[in-house]
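Printed here is target_1.cif (mmCIF, C-alpha atoms):
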```cif
data_final
loop_
_atom_site.label_atom_id
_atom_site.label_comp_id
_atom_site.auth_asym_id
_atom_site.auth_seq_id
_atom_site.Cartn_x
_atom_site.Cartn_y
_atom_site.Cartn_z
CA MET A 3 39.66 -14.33 -35.45
CA ALA A 4 36.84 -15.73 -33.36
CA LYS A 5 33.32 -15.11 -34.54
CA ARG A 6 31.17 -12.64 -32.59
CA VAL A 7 28.06 -14.28 -31.22
CA LEU A 8 26.45 -11.64 -29.03
CA GLN A 9 26.63 -7.96 -29.81
CA VAL A 10 25.08 -5.46 -27.46
CA ASN A 11 25.53 -2.02 -28.93
CA LYS A 12 24.90 1.26 -27.08
CA VAL A 13 21.88 -0.02 -25.18
CA PHE A 14 19.75 2.22 -22.98
CA LYS A 15 17.09 1.01 -20.61
CA SER A 16 15.29 2.92 -17.89
CA TYR A 17 12.47 2.29 -15.42
CA ASN A 18 10.31 5.22 -14.37
CA ASN A 19 12.83 7.66 -15.81
CA VAL A 20 15.69 6.08 -13.84
CA ALA A 21 18.37 4.90 -16.27
CA VAL A 22 19.55 1.36 -15.50
CA LEU A 23 21.53 0.64 -18.64
CA LYS A 24 23.34 3.65 -20.03
CA ASN A 25 25.02 3.40 -23.42
CA LEU A 26 26.06 -0.15 -22.64
CA SER A 27 28.00 -2.23 -25.15
CA LEU A 28 29.19 -5.81 -24.89
CA THR A 29 30.50 -8.44 -27.26
CA ILE A 30 30.80 -12.18 -26.68
CA GLU A 31 32.64 -14.43 -29.08
CA GLU A 32 31.98 -18.07 -29.86
CA ASN A 33 33.10 -20.60 -27.23
CA GLU A 34 33.63 -17.82 -24.71
CA ILE A 35 32.39 -18.12 -21.14
CA VAL A 36 31.71 -14.62 -19.89
CA SER A 37 30.69 -13.91 -16.32
CA LEU A 38 29.01 -10.65 -15.51
CA MET A 39 29.44 -9.44 -11.94
CA GLY A 40 28.63 -6.37 -9.93
CA PRO A 41 26.65 -5.09 -6.98
CA SER A 42 22.90 -5.66 -6.73
CA GLY A 43 20.76 -3.20 -8.64
CA ILE A 44 23.52 -2.25 -11.07
CA GLY A 45 21.63 -3.65 -14.07
CA LYS A 46 23.12 -7.14 -14.59
CA SER A 47 19.73 -8.84 -14.54
CA THR A 48 18.20 -6.08 -16.66
CA LEU A 49 20.88 -6.68 -19.26
CA LEU A 50 20.33 -10.43 -19.15
CA ARG A 51 16.56 -9.97 -19.40
CA SER A 52 16.97 -7.51 -22.26
CA ILE A 53 19.17 -9.97 -24.14
CA ASN A 54 16.49 -12.62 -23.60
CA LYS A 55 13.67 -10.29 -24.71
CA LEU A 56 12.05 -10.31 -21.28
CA GLU A 57 12.56 -6.54 -21.26
CA THR A 58 12.31 -4.13 -24.16
CA ILE A 59 15.28 -1.82 -24.56
CA ASP A 60 14.71 1.92 -25.01
CA ASP A 61 17.53 2.43 -27.46
CA GLY A 62 20.48 0.61 -29.03
CA ASP A 63 20.88 -2.77 -30.70
CA ILE A 64 21.20 -6.35 -29.58
CA SER A 65 21.97 -9.14 -32.02
CA ILE A 66 23.02 -12.76 -31.88
CA ASP A 67 25.00 -14.17 -34.76
CA GLY A 68 23.95 -11.10 -36.75
CA ILE A 69 20.24 -11.64 -36.10
CA LYS A 70 18.67 -8.58 -34.49
CA VAL A 71 16.52 -8.70 -31.38
CA SER A 72 13.52 -7.51 -33.40
CA ASP A 73 13.82 -10.50 -35.79
CA ASN A 74 11.44 -13.44 -35.27
CA LYS A 75 14.38 -15.87 -35.52
CA TYR A 76 16.25 -14.15 -32.67
CA GLN A 77 14.66 -16.11 -29.82
CA LYS A 78 15.82 -19.46 -31.24
CA GLN A 79 19.44 -18.27 -31.12
CA LEU A 80 19.58 -18.22 -27.35
CA GLY A 81 18.65 -20.19 -24.26
CA LEU A 82 18.19 -19.06 -20.68
CA VAL A 83 18.66 -21.04 -17.48
CA PHE A 84 16.62 -19.19 -14.87
CA GLN A 85 17.79 -18.72 -11.30
CA ASN A 86 14.85 -20.76 -9.98
CA PHE A 87 14.69 -22.88 -13.15
CA ASN A 88 11.02 -22.15 -14.01
CA LEU A 89 10.38 -25.74 -15.01
CA PHE A 90 6.82 -26.72 -15.86
CA PRO A 91 5.63 -28.65 -12.79
CA HIS A 92 2.82 -30.54 -14.55
CA LEU A 93 5.13 -32.00 -17.21
CA THR A 94 7.65 -34.81 -16.80
CA VAL A 95 11.37 -34.28 -17.20
CA LEU A 96 11.19 -35.59 -20.78
CA GLU A 97 8.13 -33.47 -21.63
CA ASN A 98 9.77 -30.36 -20.15
CA CYS A 99 12.82 -30.97 -22.27
CA MET A 100 10.82 -31.61 -25.45
CA GLN A 101 8.76 -28.41 -25.19
CA PRO A 102 10.99 -25.97 -27.15
CA ALA A 103 11.24 -28.42 -30.05
CA ILE A 104 7.52 -29.18 -30.15
CA ILE A 105 6.61 -25.49 -29.93
CA ASN A 106 8.91 -24.85 -32.87
CA GLY A 107 7.22 -27.43 -35.06
CA ILE A 108 9.70 -30.30 -34.72
CA SER A 109 7.99 -33.73 -34.87
CA LYS A 110 7.31 -35.48 -31.57
CA VAL A 111 9.59 -38.42 -32.41
CA GLU A 112 12.47 -36.17 -33.39
CA ALA A 113 11.92 -33.98 -30.32
CA GLN A 114 11.89 -37.04 -28.07
CA ASN A 115 15.11 -38.45 -29.56
CA LYS A 116 16.82 -35.09 -29.22
CA ALA A 117 15.58 -34.63 -25.65
CA ILE A 118 16.74 -38.10 -24.58
CA ALA A 119 20.19 -37.50 -26.08
CA LEU A 120 20.47 -34.24 -24.14
CA LEU A 121 19.18 -35.77 -20.91
CA LYS A 122 21.77 -38.54 -21.27
CA LYS A 123 24.50 -36.00 -21.84
CA LEU A 124 23.43 -34.14 -18.71
CA LYS A 125 23.07 -37.41 -16.78
CA ILE A 126 19.38 -37.20 -15.90
CA ALA A 127 17.95 -39.58 -18.52
CA ASP A 128 17.09 -42.02 -15.72
CA LYS A 129 14.68 -39.37 -14.36
CA LYS A 130 12.89 -38.82 -17.66
CA ASN A 131 9.50 -39.90 -16.29
CA ALA A 132 9.83 -37.99 -13.02
CA TYR A 133 8.21 -34.63 -12.32
CA PRO A 134 10.27 -31.55 -11.38
CA LYS A 135 9.17 -31.75 -7.73
CA GLN A 136 10.87 -35.15 -7.51
CA LEU A 137 14.26 -33.74 -8.55
CA SER A 138 17.07 -32.29 -6.46
CA GLY A 139 18.27 -28.71 -7.06
CA GLY A 140 21.16 -29.94 -9.19
CA GLN A 141 18.92 -32.19 -11.26
CA LYS A 142 16.46 -29.36 -11.81
CA GLN A 143 19.25 -27.18 -13.07
CA ARG A 144 20.51 -29.88 -15.43
CA LEU A 145 16.99 -30.26 -16.79
CA SER A 146 16.73 -26.50 -17.18
CA ILE A 147 20.03 -26.53 -19.11
CA ALA A 148 18.83 -29.42 -21.30
CA ARG A 149 15.59 -27.55 -22.06
CA ALA A 150 17.51 -24.38 -22.91
CA CYS A 151 19.83 -26.32 -25.23
CA MET A 152 17.09 -28.13 -27.18
CA LEU A 153 17.25 -25.79 -30.16
CA ALA A 154 21.09 -25.69 -30.14
CA PRO A 155 21.33 -21.99 -29.28
CA LYS A 156 24.34 -19.86 -30.18
CA LEU A 157 24.28 -18.24 -26.76
CA LEU A 158 23.30 -19.82 -23.46
CA CYS A 159 22.59 -17.48 -20.54
CA PHE A 160 22.67 -18.38 -16.85
CA ASP A 161 21.04 -16.25 -14.16
CA GLU A 162 22.74 -16.88 -10.79
CA PRO A 163 23.49 -20.54 -11.58
CA THR A 164 24.93 -21.38 -8.16
CA SER A 165 22.35 -19.73 -5.89
CA ALA A 166 20.21 -22.84 -5.39
CA LEU A 167 22.96 -25.46 -5.44
CA ASP A 168 25.12 -27.34 -2.95
CA SER A 169 28.91 -27.50 -3.42
CA LYS A 170 28.80 -30.86 -5.25
CA SER A 171 26.20 -29.54 -7.73
CA ILE A 172 28.24 -26.36 -8.22
CA GLU A 173 31.24 -28.51 -9.27
CA ASP A 174 28.95 -30.42 -11.66
CA VAL A 175 27.58 -27.27 -13.25
CA LYS A 176 31.10 -25.93 -13.77
CA GLY A 177 31.93 -29.04 -15.77
CA ILE A 178 28.69 -28.79 -17.75
CA ILE A 179 29.24 -25.13 -18.60
CA LYS A 180 32.80 -25.81 -19.76
CA GLU A 181 31.60 -28.71 -21.91
CA LEU A 182 28.77 -26.67 -23.41
CA SER A 183 31.15 -23.85 -24.30
CA GLN A 184 32.62 -26.14 -26.97
CA GLU A 185 29.35 -25.69 -28.86
CA MET A 186 28.09 -22.25 -27.86
CA ALA A 187 28.94 -19.00 -26.14
CA ILE A 188 27.97 -18.70 -22.48
CA LEU A 189 26.92 -15.62 -20.51
CA ILE A 190 26.64 -15.94 -16.75
CA VAL A 191 25.24 -13.38 -14.33
CA THR A 192 26.45 -14.22 -10.84
CA HIS A 193 27.40 -12.91 -7.44
CA ASP A 194 29.59 -15.96 -6.82
CA GLU A 195 33.11 -14.57 -7.31
CA LYS A 196 34.89 -17.89 -6.82
CA PHE A 197 32.63 -19.69 -9.27
CA ALA A 198 32.98 -16.89 -11.84
CA GLU A 199 36.77 -16.93 -11.63
CA GLU A 200 36.98 -20.67 -11.97
CA VAL A 201 34.54 -21.16 -14.83
CA SER A 202 34.92 -18.03 -16.98
CA SER A 203 37.23 -17.29 -19.84
CA ARG A 204 36.42 -13.61 -19.31
CA LEU A 205 35.09 -11.81 -16.27
CA ILE A 206 33.29 -8.51 -16.62
CA ARG A 207 32.37 -6.25 -13.74
CA MET A 208 29.56 -3.75 -13.98
CA ASP A 209 29.54 -0.48 -12.08
CA GLU A 210 27.61 2.80 -12.27
CA LYS A 211 29.60 3.86 -15.33
CA GLY A 212 28.78 0.71 -17.28
CA LEU A 213 30.90 -2.34 -17.98
CA VAL A 214 34.40 -2.59 -16.59
CA LYS A 215 36.67 -5.41 -17.71
CA MET B 21 -41.13 -48.54 4.41
CA GLU B 22 -44.52 -48.68 2.69
CA LEU B 23 -44.40 -44.88 2.21
CA PHE B 24 -40.89 -45.06 0.85
CA LEU B 25 -41.80 -47.76 -1.66
CA SER B 26 -44.85 -45.89 -2.83
CA LEU B 27 -42.82 -42.67 -3.29
CA LEU B 28 -39.83 -44.36 -4.87
CA PRO B 29 -40.92 -44.11 -8.55
CA SER B 30 -41.71 -40.38 -8.28
CA LEU B 31 -38.53 -39.73 -6.26
CA ILE B 32 -36.52 -41.44 -8.98
CA ASP B 33 -38.26 -39.35 -11.66
CA GLY B 34 -37.60 -36.17 -9.66
CA SER B 35 -33.97 -37.15 -9.15
CA LYS B 36 -33.57 -37.66 -12.89
CA THR B 37 -34.62 -34.03 -13.46
CA THR B 38 -32.29 -32.82 -10.69
CA ILE B 39 -29.37 -34.79 -12.14
CA PHE B 40 -30.21 -33.61 -15.67
CA VAL B 41 -30.15 -29.92 -14.67
CA PHE B 42 -26.97 -30.48 -12.66
CA LEU B 43 -25.13 -32.30 -15.45
CA VAL B 44 -26.19 -30.00 -18.30
CA THR B 45 -25.22 -26.92 -16.26
CA LEU B 46 -21.84 -28.37 -15.30
CA VAL B 47 -20.99 -29.77 -18.73
CA ILE B 48 -21.77 -26.45 -20.45
CA SER B 49 -20.76 -23.86 -17.86
CA TYR B 50 -17.33 -25.15 -16.84
CA PRO B 51 -15.87 -25.53 -20.37
CA LEU B 52 -17.56 -22.25 -21.33
CA SER B 53 -15.92 -20.55 -18.35
CA LEU B 54 -12.51 -21.88 -19.44
CA PHE B 55 -13.07 -20.56 -22.96
CA LEU B 56 -14.16 -17.16 -21.65
CA SER B 57 -11.18 -17.11 -19.27
CA VAL B 58 -8.90 -17.53 -22.29
CA ILE B 59 -10.55 -14.50 -23.88
CA GLN B 60 -10.44 -12.61 -20.58
CA ASN B 61 -6.71 -13.27 -20.37
CA LEU B 62 -6.12 -11.48 -23.68
CA ASN B 63 -6.61 -8.30 -21.59
CA LYS B 64 -8.72 -6.46 -24.13
CA LYS B 65 -10.20 -3.50 -22.28
CA ILE B 66 -13.71 -3.52 -23.80
CA ILE B 67 -14.11 -7.30 -23.52
CA ASN B 68 -12.97 -7.29 -19.90
CA TYR B 69 -15.37 -4.41 -19.16
CA ILE B 70 -18.24 -6.50 -20.55
CA PHE B 71 -17.08 -9.51 -18.49
CA THR B 72 -16.94 -7.37 -15.35
CA ILE B 73 -20.54 -6.21 -15.83
CA TYR B 74 -21.70 -9.76 -16.57
CA ILE B 75 -19.96 -11.25 -13.53
CA THR B 76 -21.13 -8.42 -11.24
CA ILE B 77 -24.76 -8.99 -12.24
CA GLU B 78 -24.57 -12.79 -12.02
CA ARG B 79 -22.82 -12.82 -8.65
CA GLY B 80 -24.66 -9.84 -7.22
CA THR B 81 -28.23 -11.00 -7.75
CA PRO B 82 -29.93 -14.20 -6.56
CA LEU B 83 -30.03 -17.14 -8.93
CA LEU B 84 -33.73 -17.44 -8.13
CA LEU B 85 -34.34 -13.91 -9.41
CA GLN B 86 -32.29 -14.59 -12.55
CA MET B 87 -34.31 -17.74 -13.21
CA MET B 88 -37.59 -15.89 -12.74
CA PHE B 89 -36.41 -13.06 -14.97
CA VAL B 90 -35.51 -15.49 -17.76
CA TYR B 91 -38.83 -17.37 -17.52
CA PHE B 92 -41.31 -14.60 -16.61
CA GLY B 93 -39.39 -11.47 -17.70
CA LEU B 94 -38.04 -12.33 -21.15
CA PRO B 95 -41.51 -12.78 -22.70
CA TYR B 96 -41.90 -8.99 -22.23
CA PHE B 97 -38.97 -8.70 -24.64
CA ASN B 98 -40.68 -11.12 -27.07
CA LEU B 99 -38.52 -14.06 -26.04
CA THR B 100 -40.42 -16.93 -24.53
CA LEU B 101 -38.60 -20.02 -23.29
CA ASP B 102 -40.10 -23.23 -21.99
CA ARG B 103 -39.55 -24.00 -18.30
CA MET B 104 -36.58 -26.33 -18.68
CA THR B 105 -34.80 -24.14 -21.24
CA ALA B 106 -35.28 -21.10 -18.97
CA VAL B 107 -33.88 -23.04 -16.00
CA LEU B 108 -30.84 -24.27 -17.94
CA PHE B 109 -30.20 -20.84 -19.47
CA ALA B 110 -30.24 -19.13 -16.08
CA PHE B 111 -28.14 -21.82 -14.41
CA VAL B 112 -25.50 -21.88 -17.15
CA LEU B 113 -25.17 -18.08 -17.16
CA ASN B 114 -24.89 -17.98 -13.37
CA TYR B 115 -22.42 -20.83 -12.92
CA THR B 116 -20.25 -19.73 -15.84
CA ALA B 117 -19.74 -16.41 -14.04
CA TYR B 118 -18.78 -18.14 -10.79
CA PHE B 119 -16.42 -20.55 -12.55
CA MET B 120 -14.82 -17.63 -14.43
CA GLU B 121 -14.04 -15.94 -11.13
CA ILE B 122 -12.55 -19.17 -9.78
CA ASN B 123 -10.46 -19.54 -12.95
CA ARG B 124 -9.25 -15.94 -12.64
CA GLY B 125 -8.03 -16.58 -9.10
CA GLY B 126 -6.23 -19.73 -10.26
CA ILE B 127 -4.62 -18.04 -13.25
CA GLU B 128 -3.42 -15.11 -11.15
CA SER B 129 -1.82 -17.50 -8.67
CA ILE B 130 0.55 -18.94 -11.29
CA ASP B 131 4.12 -17.72 -10.84
CA LYS B 132 5.20 -15.12 -13.39
CA GLY B 133 8.33 -17.20 -13.97
CA GLN B 134 6.13 -19.68 -15.86
CA TYR B 135 5.13 -16.93 -18.30
CA GLU B 136 8.76 -15.86 -18.65
CA ALA B 137 9.90 -19.43 -19.34
CA CYS B 138 7.23 -19.68 -22.04
CA LYS B 139 8.32 -16.41 -23.58
CA VAL B 140 11.97 -17.43 -23.68
CA LEU B 141 11.07 -20.84 -25.14
CA GLY B 142 9.06 -19.21 -27.92
CA TYR B 143 5.47 -19.99 -26.88
CA SER B 144 2.74 -17.79 -28.32
CA LYS B 145 0.30 -16.19 -25.84
CA ALA B 146 -2.36 -18.79 -26.66
CA GLN B 147 0.11 -21.71 -26.30
CA THR B 148 1.33 -20.32 -22.98
CA PHE B 149 -2.18 -20.09 -21.67
CA ILE B 150 -3.57 -23.39 -22.95
CA LYS B 151 -0.54 -25.67 -22.49
CA ILE B 152 1.12 -24.23 -19.38
CA ILE B 153 -1.08 -21.87 -17.37
CA LEU B 154 -4.52 -23.50 -17.59
CA PRO B 155 -3.43 -27.03 -16.54
CA GLN B 156 -1.69 -25.58 -13.48
CA ALA B 157 -4.59 -23.25 -12.70
CA PHE B 158 -6.99 -26.20 -12.98
CA LYS B 159 -5.16 -27.98 -10.18
CA VAL B 160 -5.04 -24.88 -7.99
CA THR B 161 -8.75 -24.21 -8.43
CA LEU B 162 -9.99 -27.78 -7.99
CA PRO B 163 -11.00 -27.37 -4.29
CA SER B 164 -13.00 -24.22 -5.16
CA VAL B 165 -14.55 -25.95 -8.16
CA THR B 166 -15.57 -28.81 -5.87
CA ASN B 167 -17.35 -26.34 -3.56
CA GLU B 168 -19.12 -24.80 -6.52
CA VAL B 169 -20.19 -28.20 -7.86
CA LEU B 170 -21.69 -29.11 -4.48
CA ALA B 171 -23.49 -25.75 -4.40
CA LEU B 172 -24.84 -26.52 -7.87
CA VAL B 173 -26.32 -29.83 -6.70
CA LYS B 174 -28.17 -28.00 -3.93
CA ASP B 175 -29.16 -25.02 -6.12
CA THR B 176 -31.07 -27.34 -8.44
CA SER B 177 -33.77 -27.32 -5.72
CA LEU B 178 -34.54 -23.71 -6.79
CA ILE B 179 -36.10 -24.88 -10.04
CA THR B 180 -39.13 -26.07 -8.10
CA VAL B 181 -40.22 -22.40 -8.11
CA LEU B 182 -40.83 -22.58 -11.86
CA GLY B 183 -42.94 -25.69 -11.36
CA VAL B 184 -40.40 -28.12 -12.73
CA SER B 185 -40.94 -31.49 -11.16
CA GLU B 186 -37.60 -32.14 -9.52
CA VAL B 187 -36.89 -34.13 -6.37
CA LEU B 188 -37.79 -31.36 -3.87
CA LYS B 189 -41.15 -30.76 -5.55
CA VAL B 190 -41.87 -34.50 -5.40
CA GLY B 191 -41.07 -34.45 -1.69
CA ARG B 192 -43.21 -31.38 -1.01
CA ASN B 193 -46.18 -32.88 -2.85
CA ALA B 194 -45.78 -36.09 -0.83
CA VAL B 195 -45.67 -34.12 2.46
CA ASN B 196 -48.95 -32.44 1.51
CA SER B 197 -50.58 -35.68 0.37
CA TYR B 198 -49.50 -37.93 3.25
CA ALA B 199 -49.46 -35.28 6.01
CA THR B 200 -46.00 -36.34 7.23
CA ALA B 201 -42.52 -34.76 7.09
CA ILE B 202 -40.82 -38.08 6.28
CA PRO B 203 -40.61 -37.38 2.50
CA PHE B 204 -38.40 -34.36 3.26
CA ILE B 205 -35.95 -36.77 4.93
CA TYR B 206 -35.93 -38.93 1.79
CA VAL B 207 -35.26 -35.82 -0.31
CA GLY B 208 -32.46 -34.81 2.06
CA ILE B 209 -30.92 -38.27 1.73
CA ILE B 210 -31.03 -38.01 -2.08
CA TYR B 211 -29.24 -34.62 -2.01
CA LEU B 212 -26.70 -36.00 0.47
CA LEU B 213 -26.11 -38.98 -1.79
CA LEU B 214 -25.59 -36.75 -4.86
CA THR B 215 -23.24 -34.34 -3.07
CA SER B 216 -21.31 -37.25 -1.54
CA ILE B 217 -20.80 -38.85 -4.96
CA CYS B 218 -19.61 -35.53 -6.45
CA SER B 219 -17.38 -34.88 -3.47
CA PHE B 220 -15.85 -38.37 -3.67
CA LEU B 221 -15.19 -38.13 -7.42
CA LEU B 222 -13.67 -34.65 -7.23
CA LYS B 223 -11.54 -35.62 -4.24
CA ARG B 224 -10.19 -38.53 -6.25
CA LEU B 225 -9.45 -36.19 -9.13
CA GLU B 226 -7.66 -33.86 -6.70
CA MET B 227 -5.56 -36.77 -5.44
CA ARG B 228 -4.73 -37.80 -9.01
CA MET B 229 -3.56 -34.25 -9.70
CA ASN B 230 -1.13 -34.48 -6.79
CA TYR B 231 1.44 -36.14 -9.02
CA TYR B 232 3.16 -32.77 -9.30
CA GLY B 233 3.98 -30.01 -6.82
#
```
Spell out the structure here as structure tokens.
Amino acid sequence: MAKRVLQVNKVFKSYNNVAVLKNLSLTIEENEIVSLMGPSGIGKSTLLRSINKLETIDDGDISIDGIKVSDNKYQKQLGLVFQNFNLFPHLTVLENCMQPAIINGISKVEAQNKAIALLKKLKIADKKNAYPKQLSGGQKQRLSIARACMLAPKLLCFDEPTSALDSKSIEDVKGIIKELSQEMAILIVTHDEKFAEEVSSRLIRMDEKGLVK
Amino acid sequence: MELFLSLLPSLIDGSKTTIFVFLVTLVISYPLSLFLSVIQNLNKKIINYIFTIYITIERGTPLLLQMMFVYFGLPYFNLTLDRMTAVLFAFVLNYTAYFMEINRGGIESIDKGQYEACKVLGYSKAQTFIKIILPQAFKVTLPSVTNEVLALVKDTSLITVLGVSEVLKVGRNAVNSYATAIPFIYVGIIYLLLTSICSFLLKRLEMRMNYYG
């Protein structure tokens, strides 16, 4: 039986007394690629943000690999690739990639070696001294993925991964996601039906009642 | 030419005082404003209330009045400062307030995605501010800082009111002694020279900061 990585259990979240997430539960197992789809405003992004601690849930539990959202170690268990990447514009590609390791007390040399290995894997090592503004959309996303993977998370989340990419880059990111799923579970929030069907091992649709498989 | 040569030693002496007040004010007030902006960004209600009062007073009253209050007014509160200390005290307080307001504008202009990326990557509030937000805000605010620096060069002429022998006072004395307006032109040229040097250096710094978006 595959190990459960993400467990979202009976989560409630509301804004200004309007419930967005109502008694929502979700489980993702290791090596799974789960795409979350649904109409705008249904709560997909709220769920993703809640999992990534960018929102505080009103009730329920979220845990990754058994570590609860309230635990200090929780944040290291997951990575997030933002829709618009949110790279640090004043840092080089290599420095951007090294940040999570340095912030978590890993030595500069070790962080650099790890970052270079990841940049090579994602085929942007040749851009290591460039700044984000000098990268294409696809390269920015690969850097964002490398940065999110620096601490070897158990769960990697993608927010609308195809929205800023051309068709060639979309094909590339499909391959990257499939490769990464050998090492971690993947959760994707997307509107791109075709992409979701092609890349996911499980597709979940959200509607007003909650999650629908 | 004869007049210029005879005034040159005293113009140089006066310029030294002008440059001294300018440099001491800049070297203390700008770093101090950054430090206070860090504290301001902690969003502690009472501290921010105190900052608001301080900035309102400093920006809402003339620097000349503040300088006179420090030199002539503080002795009524049993605090007597010599001329130069009073000048520097008033200048530093005034320019720190202006720089703080410039910093605030710069900090508020940073995309909230940068804060979210920091949060997801595990940065503390202080790390987020010092490593990610401030360097970007510095670049954004550089044109405004340049304006303020040029204003500071010109504001140093106010210290003549307290009888400090700076370049304008030297010029005024020479006008009275030689019954000609030519010394004012020399003084103008000195201010122009100082503002041009500052402008050139800060423009170069701005261009150097253009390495990222």
(request) Mind giving me the straight-line distance from atom CA of A:His92 to atom CA of B:Gln156 in Å, one decimal? (result) 6.8 Å
(request) Can you work out the spacing between atom CA of B:Pro29 and atom CA of B:Asp102 in Å, to one decimal? (result)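 Between atom CA of B:Pro29 and atom CA of B:Asp102 the gap works out to 24.8 Å.
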Interface rows for chain A against chain B: nearest pair, Å to one decimal, 6 Å, all atoms listed in the file, as CSV:
```
residue,atom,partner,partner_atom,distance
A:Asn88,CA,B:Gly133,CA,5.6
A:Pro91,CA,B:Tyr232,CA,5.9
A:His92,CA,B:Tyr232,CA,5.7
A:Pro102,CA,B:Leu141,CA,5.5
A:Lys135,CA,B:Gly233,CA,5.5
```
Export C-alpha atoms of the chosen residues as a PDB file, keeping the file's coordinate frame?
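Written file, again.pdb:
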```pdb
ATOM      1  CA  ASN A  88      11.020 -22.150 -14.010  1.00  0.00           C
ATOM      2  CA  PRO A  91       5.630 -28.650 -12.790  1.00  0.00           C
ATOM      3  CA  HIS A  92       2.820 -30.540 -14.550  1.00  0.00           C
ATOM      4  CA  PRO A 102      10.990 -25.970 -27.150  1.00  0.00           C
ATOM      5  CA  LYS A 135       9.170 -31.750  -7.730  1.00  0.00           C
TER       6      LYS A 135
END
```
(message) What does the structure give for the distance between atom CA of A:Ile64 and atom CA of A:Glu185, in Å to one decimal?
(response) 21.0 Å
(request) Counting all atoms listed in the file, figure out which residue out of B:Ile39, B:Val207, B:Leu172, B:Ala117 gets nearest to B:Asn193. (result)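 Closest to B:Asn193 of all the choices is B:Val207.
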Could you list the residues chosen by the PyMOL selection byres ((chain B and resi 217-220) around 12) in this structure as a JSON list (two decimals) with C-alpha atoms, keeping the file's coordinate frame?
```
[["chain", "number", "residue", "atom", "x", "y", "z"],
["B", 39, "ILE", "CA", -29.37, -34.79, -12.14],
["B", 42, "PHE", "CA", -26.97, -30.48, -12.66],
["B", 43, "LEU", "CA", -25.13, -32.30, -15.45],
["B", 46, "LEU", "CA", -21.84, -28.37, -15.30],
["B", 162, "LEU", "CA", -9.99, -27.78, -7.99],
["B", 163, "PRO", "CA", -11.00, -27.37, -4.29],
["B", 164, "SER", "CA", -13.00, -24.22, -5.16],
["B", 165, "VAL", "CA", -14.55, -25.95, -8.16],
["B", 166, "THR", "CA", -15.57, -28.81, -5.87],
["B", 167, "ASN", "CA", -17.35, -26.34, -3.56],
["B", 168, "GLU", "CA", -19.12, -24.80, -6.52],
["B", 169, "VAL", "CA", -20.19, -28.20, -7.86],
["B", 170, "LEU", "CA", -21.69, -29.11, -4.48],
["B", 171, "ALA", "CA", -23.49, -25.75, -4.40],
["B", 172, "LEU", "CA", -24.84, -26.52, -7.87],
["B", 173, "VAL", "CA", -26.32, -29.83, -6.70],
["B", 174, "LYS", "CA", -28.17, -28.00, -3.93],
["B", 210, "ILE", "CA", -31.03, -38.01, -2.08],
["B", 211, "TYR", "CA", -29.24, -34.62, -2.01],
["B", 212, "LEU", "CA", -26.70, -36.00, 0.47],
["B", 213, "LEU", "CA", -26.11, -38.98, -1.79],
["B", 214, "LEU", "CA", -25.59, -36.75, -4.86],
["B", 215, "THR", "CA", -23.24, -34.34, -3.07],
["B", 216, "SER", "CA", -21.31, -37.25, -1.54],
["B", 221, "LEU", "CA", -15.19, -38.13, -7.42],
["B", 222, "LEU", "CA", -13.67, -34.65, -7.23],
["B", 223, "LYS", "CA", -11.54, -35.62, -4.24],
["B", 224, "ARG", "CA", -10.19, -38.53, -6.25],
["B", 225, "LEU", "CA", -9.45, -36.19, -9.13],
["B", 226, "GLU", "CA", -7.66, -33.86, -6.70],
["B", 227, "MET", "CA", -5.56, -36.77, -5.44]]
```
(message) With the PyMOL selection byres ((chain A and resi 195-203) around 12) as the selection, what would be picked from this file? Answer as a PyMOL selection string, please.
(response) chain A and resi 30-41+160+162-165+167+169+171-183+187-194+204-207
Quick one: axis-aligned box around all listed atoms of stretch 81-97 of chain B, 8 Å on every side, centre and edge lengths in Å to one decimal, written as lines of an AutoDock Vina configuration file.
```
center_x = -35.1
center_y = -13.2
center_z = -15.6
size_x = 29.7
size_y = 25.0
size_z = 34.1
```
(message) On this structure, the PyMOL selection byres ((chain A and resi 141) around 12) would catch which residues? List them as a ChimeraX atom specification, sorted by chain and number.
(response) /A:87,89,95,121,124-130,132-140,142-148,166-168,170-172,174-175
(request) Can you pull out every residue within 12 Å of B:Leu188, counting all atoms listed in the file, but drop anything in the same chain fewer than 2 positions away, and send it as a VMD selection string? (result) chain B and resid 30 to 38 173 to 181 183 to 186 190 to 195 203 to 211
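If you measure from each of A:Lys78, A:Asn11, A:Ile104, A:Ala113 to A:Leu158 using only C-alpha atoms, the closest one turns out to be A:Lys78.
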(request) Within 12 Å of B:Phe92, counting only C-alpha atoms, which residues show up once you throw out same-chain ones fewer than 2 positions away? Write them as a PyMOL selection string, please. (result) chain B and resi 84-90+94-103+106-107+110+181-182
Dump of C-alpha atoms for the selected residues, as a CSV table (one decimal), in the coordinates of the input:
```
chain,number,residue,atom,x,y,z
B,84,LEU,CA,-33.7,-17.4,-8.1
B,85,LEU,CA,-34.3,-13.9,-9.4
B,86,GLN,CA,-32.3,-14.6,-12.6
B,87,MET,CA,-34.3,-17.7,-13.2
B,88,MET,CA,-37.6,-15.9,-12.7
B,89,PHE,CA,-36.4,-13.1,-15.0
B,90,VAL,CA,-35.5,-15.5,-17.8
B,94,LEU,CA,-38.0,-12.3,-21.2
B,95,PRO,CA,-41.5,-12.8,-22.7
B,96,TYR,CA,-41.9,-9.0,-22.2
B,97,PHE,CA,-39.0,-8.7,-24.6
B,98,ASN,CA,-40.7,-11.1,-27.1
B,99,LEU,CA,-38.5,-14.1,-26.0
B,100,THR,CA,-40.4,-16.9,-24.5
B,101,LEU,CA,-38.6,-20.0,-23.3
B,102,ASP,CA,-40.1,-23.2,-22.0
B,103,ARG,CA,-39.6,-24.0,-18.3
B,106,ALA,CA,-35.3,-21.1,-19.0
B,107,VAL,CA,-33.9,-23.0,-16.0
B,110,ALA,CA,-30.2,-19.1,-16.1
B,181,VAL,CA,-40.2,-22.4,-8.1
B,182,LEU,CA,-40.8,-22.6,-11.9
```
